[in-house]
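Asks: This is the structure I want to talk about, given as structure tokens.
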Amino acid sequence: MDIGLYEKAASLISESYDSVAFIWHGGEPLMMQTTFFKKAIDVQRRYFEGRTCDNVIRTNGTLLDSRFIRFCKSNRVSIGVSYEAGFERGLRPNLDVKFVDSMLNHVSKEGCSSFVSATIHRGNLNDMKEIYQRVRAMRLPLSFNPVINLGGALNYPELRLDADEYAQKLIEIYDVWLHDSSTYTPIVPFMHCISAIMNRSQSVFDCPHASCLMKWISIYPNGDVYPCGKACPKTFCMGNISRTEKIADLFESDGFRRILIGSIERRKKCQNCEVYKYCNGECSIDIMADGNIEDNDGFPCKVYKKTFKHIKKTLDDIMETKPSLTNYNRFVRDSVVGRLVDPRASDIICSK
Ligand code: SF4
Ligand code: SF4
């Protein structure tokens with residue numbers, strides 16, 4: 001992206017929002033030189049002085065080096081590495097795993113905020129526990145993301161997952177992680193489910209379950225704007241940032257109206273779902289990739305319902321029987337203790 005175009009976007013965003021999070025992804029964002037990111041941070045200082053302005057870079061890790069890691073640390077930029085801990089076969093067959101491992105260890109030692117994002121498909125489904133163990137050894141946060149039928153994955157139909165099998169694997173890992181009392185690795189989606197159950201509302205960063213629309217935009221290098229960073233169809237294009245006068249105008253576009261109408265129609269069908277108050281109707285792009293944006297009950301629904309219900313049952317059991325928490329991981333311990341200390345706290349927050 002041209003830095004002038006980025007400055008235009010930052011200027012428009014600063015006029016409409018009190019805080020912002022920029023997620024740099026691609027393609028491979030580190031194809032841009034460090035000088036680009038230095039200029040971007042300078043732009044942010046000019047437009048967001050005194051306000052929250054977060055940055056996350058999502059990379060495959062192959063272009064990381066110690067200078068760039070130091071730059072990220074000193075500018076509080078988080079580094080998210082898309083990486084399956086040695087089980088890349090399928091989507092990333094030629095990745096230099098040893099190099100990415102060494103960079104992740106470096107990131108971790110430097111104390112730079114970072115996480116690992118593992119895409120799960122039929123080729124590495126049985127390696128999920130091992131992926132967790134390897135990321136756990138690095139003490140980094142981990143997210144599991146199922147492959148969806150979009151972008152590069154369209155070239156690998158044999159890697160698509162079966163919903164029941166994937167949900168079952170998630171449950172098996174959750175059970176290991178739940179009782180892993182010394183782990184420092186939070187896992188998404190489990191953390192989001194726990195937060196939703198304990199706080200009775202989702203964090204905005206769990207975008208599929210927090211009504212993402214109007215909270216995120218995706219700006220392509222040429223300035224085209226889409227409602228989401230996942231591969232949207234051209235029909236969802238909301239305009240171009242270079243021809244935009246204010247961000248609100250983008251949400252008046254036909255492209256945004258299309259995703260909005262599709263999401264509303266689907267959520268109408270969700271109203272009687274037993275987990276709707278936690279789920280909020282899932283990710284529109286994931287559902288669209290699964291078949292039709294207006295339909296539920298496909299892959300994302302099946303996975304969410306099965307794993308969420310399992311997680312909820314384990315937490316309900318803890319809340320009811322109040323066992324010693326020493327055999328549970330620190331994330332569950334903290335959530336449960338918070339709820340037991342003040343069981344109404346989250347209700348009060350929700351009602352405001
Ligand atoms: S469409 Fe899906 S991935 Fe995109 S912002 Fe919304 S919930 Fe998140
Ligand atoms: S699980 Fe499926 S049906 Fe239930 S609320 Fe979520 S998207 Fe709707």
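Ligands are numbered from 1 in the order shown, chains are lettered A, B, ... in the order of the structure tokens, and residues start at 1 in each chain.
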Residues within 10 Å of ligand 1 (only C-alpha atoms and all ligand atoms), as a ChimeraX atom specification?

Replies: /A:204-218,226-232,259,263,280-288

Asks: Which residues come within 10 Å of A:Met319, counting only C-alpha atoms, excluding same-chain residues fewer than 2 positions away, as JSON, numbers by chain?

Replies: {"A": [313, 314, 315, 316, 317, 321, 322, 323, 336, 337, 339, 340]}

Asks: Would you put the residues from that selection into a file with C-alpha atoms, as a CSV table (one decimal), in the first residue's frame?

Replies:
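See again07.csv below for the written result:
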```csv
chain,number,residue,atom,x,y,z
A,313,LYS,CA,-21.0,-28.2,30.6
A,314,THR,CA,-17.5,-28.3,32.0
A,315,LEU,CA,-17.9,-24.8,33.4
A,316,ASP,CA,-21.4,-25.4,34.7
A,317,ASP,CA,-20.1,-28.5,36.5
A,321,THR,CA,-19.7,-28.6,42.4
A,322,LYS,CA,-17.0,-26.0,43.3
A,323,PRO,CA,-14.0,-28.5,43.2
A,336,VAL,CA,-14.1,-19.1,37.7
A,337,VAL,CA,-12.6,-17.3,40.6
A,339,ARG,CA,-17.3,-15.2,38.8
A,340,LEU,CA,-17.4,-16.8,42.3
```

Asks: Taking the DSSP secondary structure from the backbone, can you list the residues of stretch 64-278 of chain A that are helix (DSSP H, G or I), as a PyMOL selection string?

Replies: chain A and resi 66-74+97-110+125-137+151-155+157-159+163-178+190-199+207-209+234-236+241-243+247-250+254-270+276-278

Asks: Could I get the residues of chain A with an atom no further than 8 Å from an atom of ligand 2, each paired with its nearest atom pair and that distance in Å to one decimal, using only C-alpha atoms and all ligand atoms, sorted by chain and residue number, as a tab-separated table?

Replies:
```
residue	atom	partner	partner_atom_place_in_ligand_line	distance
A:Arg266	CA	ligand 2	8 (Fe)	7.3
A:Arg267	CA	ligand 2	8 (Fe)	6.2
A:Lys269	CA	ligand 2	8 (Fe)	6.9
A:Cys270	CA	ligand 2	8 (Fe)	3.9
A:Gln271	CA	ligand 2	5 (S)	6.9
A:Asn272	CA	ligand 2	3 (S)	7.8
A:Cys273	CA	ligand 2	4 (Fe)	4.6
A:Glu274	CA	ligand 2	4 (Fe)	6.6
A:Val275	CA	ligand 2	4 (Fe)	5.5
A:Tyr276	CA	ligand 2	5 (S)	3.7
A:Lys277	CA	ligand 2	5 (S)	7.3
A:Tyr278	CA	ligand 2	5 (S)	7.5
A:Cys279	CA	ligand 2	6 (Fe)	4.7
A:Asn280	CA	ligand 2	5 (S)	5.4
A:Gly281	CA	ligand 2	7 (S)	3.7
A:Glu282	CA	ligand 2	7 (S)	4.6
A:Cys283	CA	ligand 2	7 (S)	7.8
A:Asn296	CA	ligand 2	2 (Fe)	5.2
A:Asp297	CA	ligand 2	2 (Fe)	5.3
A:Gly298	CA	ligand 2	2 (Fe)	7.6
A:Pro300	CA	ligand 2	2 (Fe)	7.0
A:Cys301	CA	ligand 2	2 (Fe)	3.9
A:Lys302	CA	ligand 2	1 (S)	6.7
A:Tyr304	CA	ligand 2	1 (S)	5.8
A:Lys305	CA	ligand 2	1 (S)	5.3
```

Asks: Give me, as a PyMOL selection string, all polymer residues having an atom no more than 12 Å from stretch 235-244 of chain A, counting only C-alpha atoms and skipping those fewer than 2 positions away in the same chain.

Replies: chain A and resi 1-2+4-13+214+217-233+246-262+284-285+288

Asks: Just write the chosen residues, C-alpha atoms, as a CSV table (one decimal), in the first residue's frame.

Replies:
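What ended up in selection12.csv:
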```csv
chain,number,residue,atom,x,y,z
A,1,MET,CA,0.0,0.0,0.0
A,2,ASP,CA,1.2,3.5,-0.8
A,4,GLY,CA,-0.2,8.3,1.1
A,5,LEU,CA,-3.2,6.1,0.7
A,6,TYR,CA,-2.6,4.7,4.2
A,7,GLU,CA,-2.5,8.3,5.5
A,8,LYS,CA,-5.8,9.1,3.9
A,9,ALA,CA,-7.4,6.0,5.6
A,10,ALA,CA,-5.8,6.9,9.0
A,11,SER,CA,-7.1,10.5,8.7
A,12,LEU,CA,-10.7,9.4,7.9
A,13,ILE,CA,-10.7,6.8,10.7
A,214,MET,CA,-19.6,-1.7,11.1
A,217,ILE,CA,-13.2,-2.7,7.4
A,218,SER,CA,-10.6,-4.2,5.1
A,219,ILE,CA,-8.6,-1.9,2.9
A,220,TYR,CA,-6.8,-3.5,-0.1
A,221,PRO,CA,-3.5,-2.1,-1.3
A,222,ASN,CA,-5.3,-0.3,-4.1
A,223,GLY,CA,-7.7,1.3,-1.7
A,224,ASP,CA,-10.7,-0.8,-2.3
A,225,VAL,CA,-12.7,-1.4,0.9
A,226,TYR,CA,-14.5,-4.5,2.0
A,227,PRO,CA,-16.4,-5.3,5.2
A,228,CYS,CA,-14.0,-8.1,6.2
A,229,GLY,CA,-10.4,-9.1,5.8
A,230,LYS,CA,-11.4,-12.6,4.6
A,231,ALA,CA,-11.7,-13.0,0.9
A,232,CYS,CA,-15.0,-11.2,0.2
A,233,PRO,CA,-16.7,-11.4,-3.2
A,246,LYS,CA,-16.0,9.9,5.5
A,247,ILE,CA,-16.0,6.3,6.8
A,248,ALA,CA,-19.8,6.4,7.4
A,249,ASP,CA,-20.3,6.7,3.6
A,250,LEU,CA,-18.8,3.3,3.1
A,251,PHE,CA,-21.5,1.7,5.2
A,252,GLU,CA,-24.2,3.3,2.9
A,253,SER,CA,-22.8,1.4,-0.1
A,254,ASP,CA,-24.6,-1.4,-2.0
A,255,GLY,CA,-21.7,-3.7,-1.2
A,256,PHE,CA,-22.2,-3.3,2.5
A,257,ARG,CA,-26.0,-3.5,2.1
A,258,ARG,CA,-25.6,-6.9,0.5
A,259,ILE,CA,-23.6,-8.5,3.4
A,260,LEU,CA,-25.9,-6.7,5.9
A,261,ILE,CA,-29.1,-8.1,4.4
A,262,GLY,CA,-27.6,-11.6,4.1
A,284,SER,CA,-21.0,-14.2,7.5
A,285,ILE,CA,-18.0,-14.9,5.3
A,288,MET,CA,-21.0,-17.7,2.7
```

Asks: Return the single residue from A:Thr34, A:Tyr132, A:Asp127, A:Glu320 that is closest to A:Asp180, with distances computed using only C-alpha atoms.

Replies: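 Using only C-alpha atoms, A:Asp180 sits closest to A:Tyr132.
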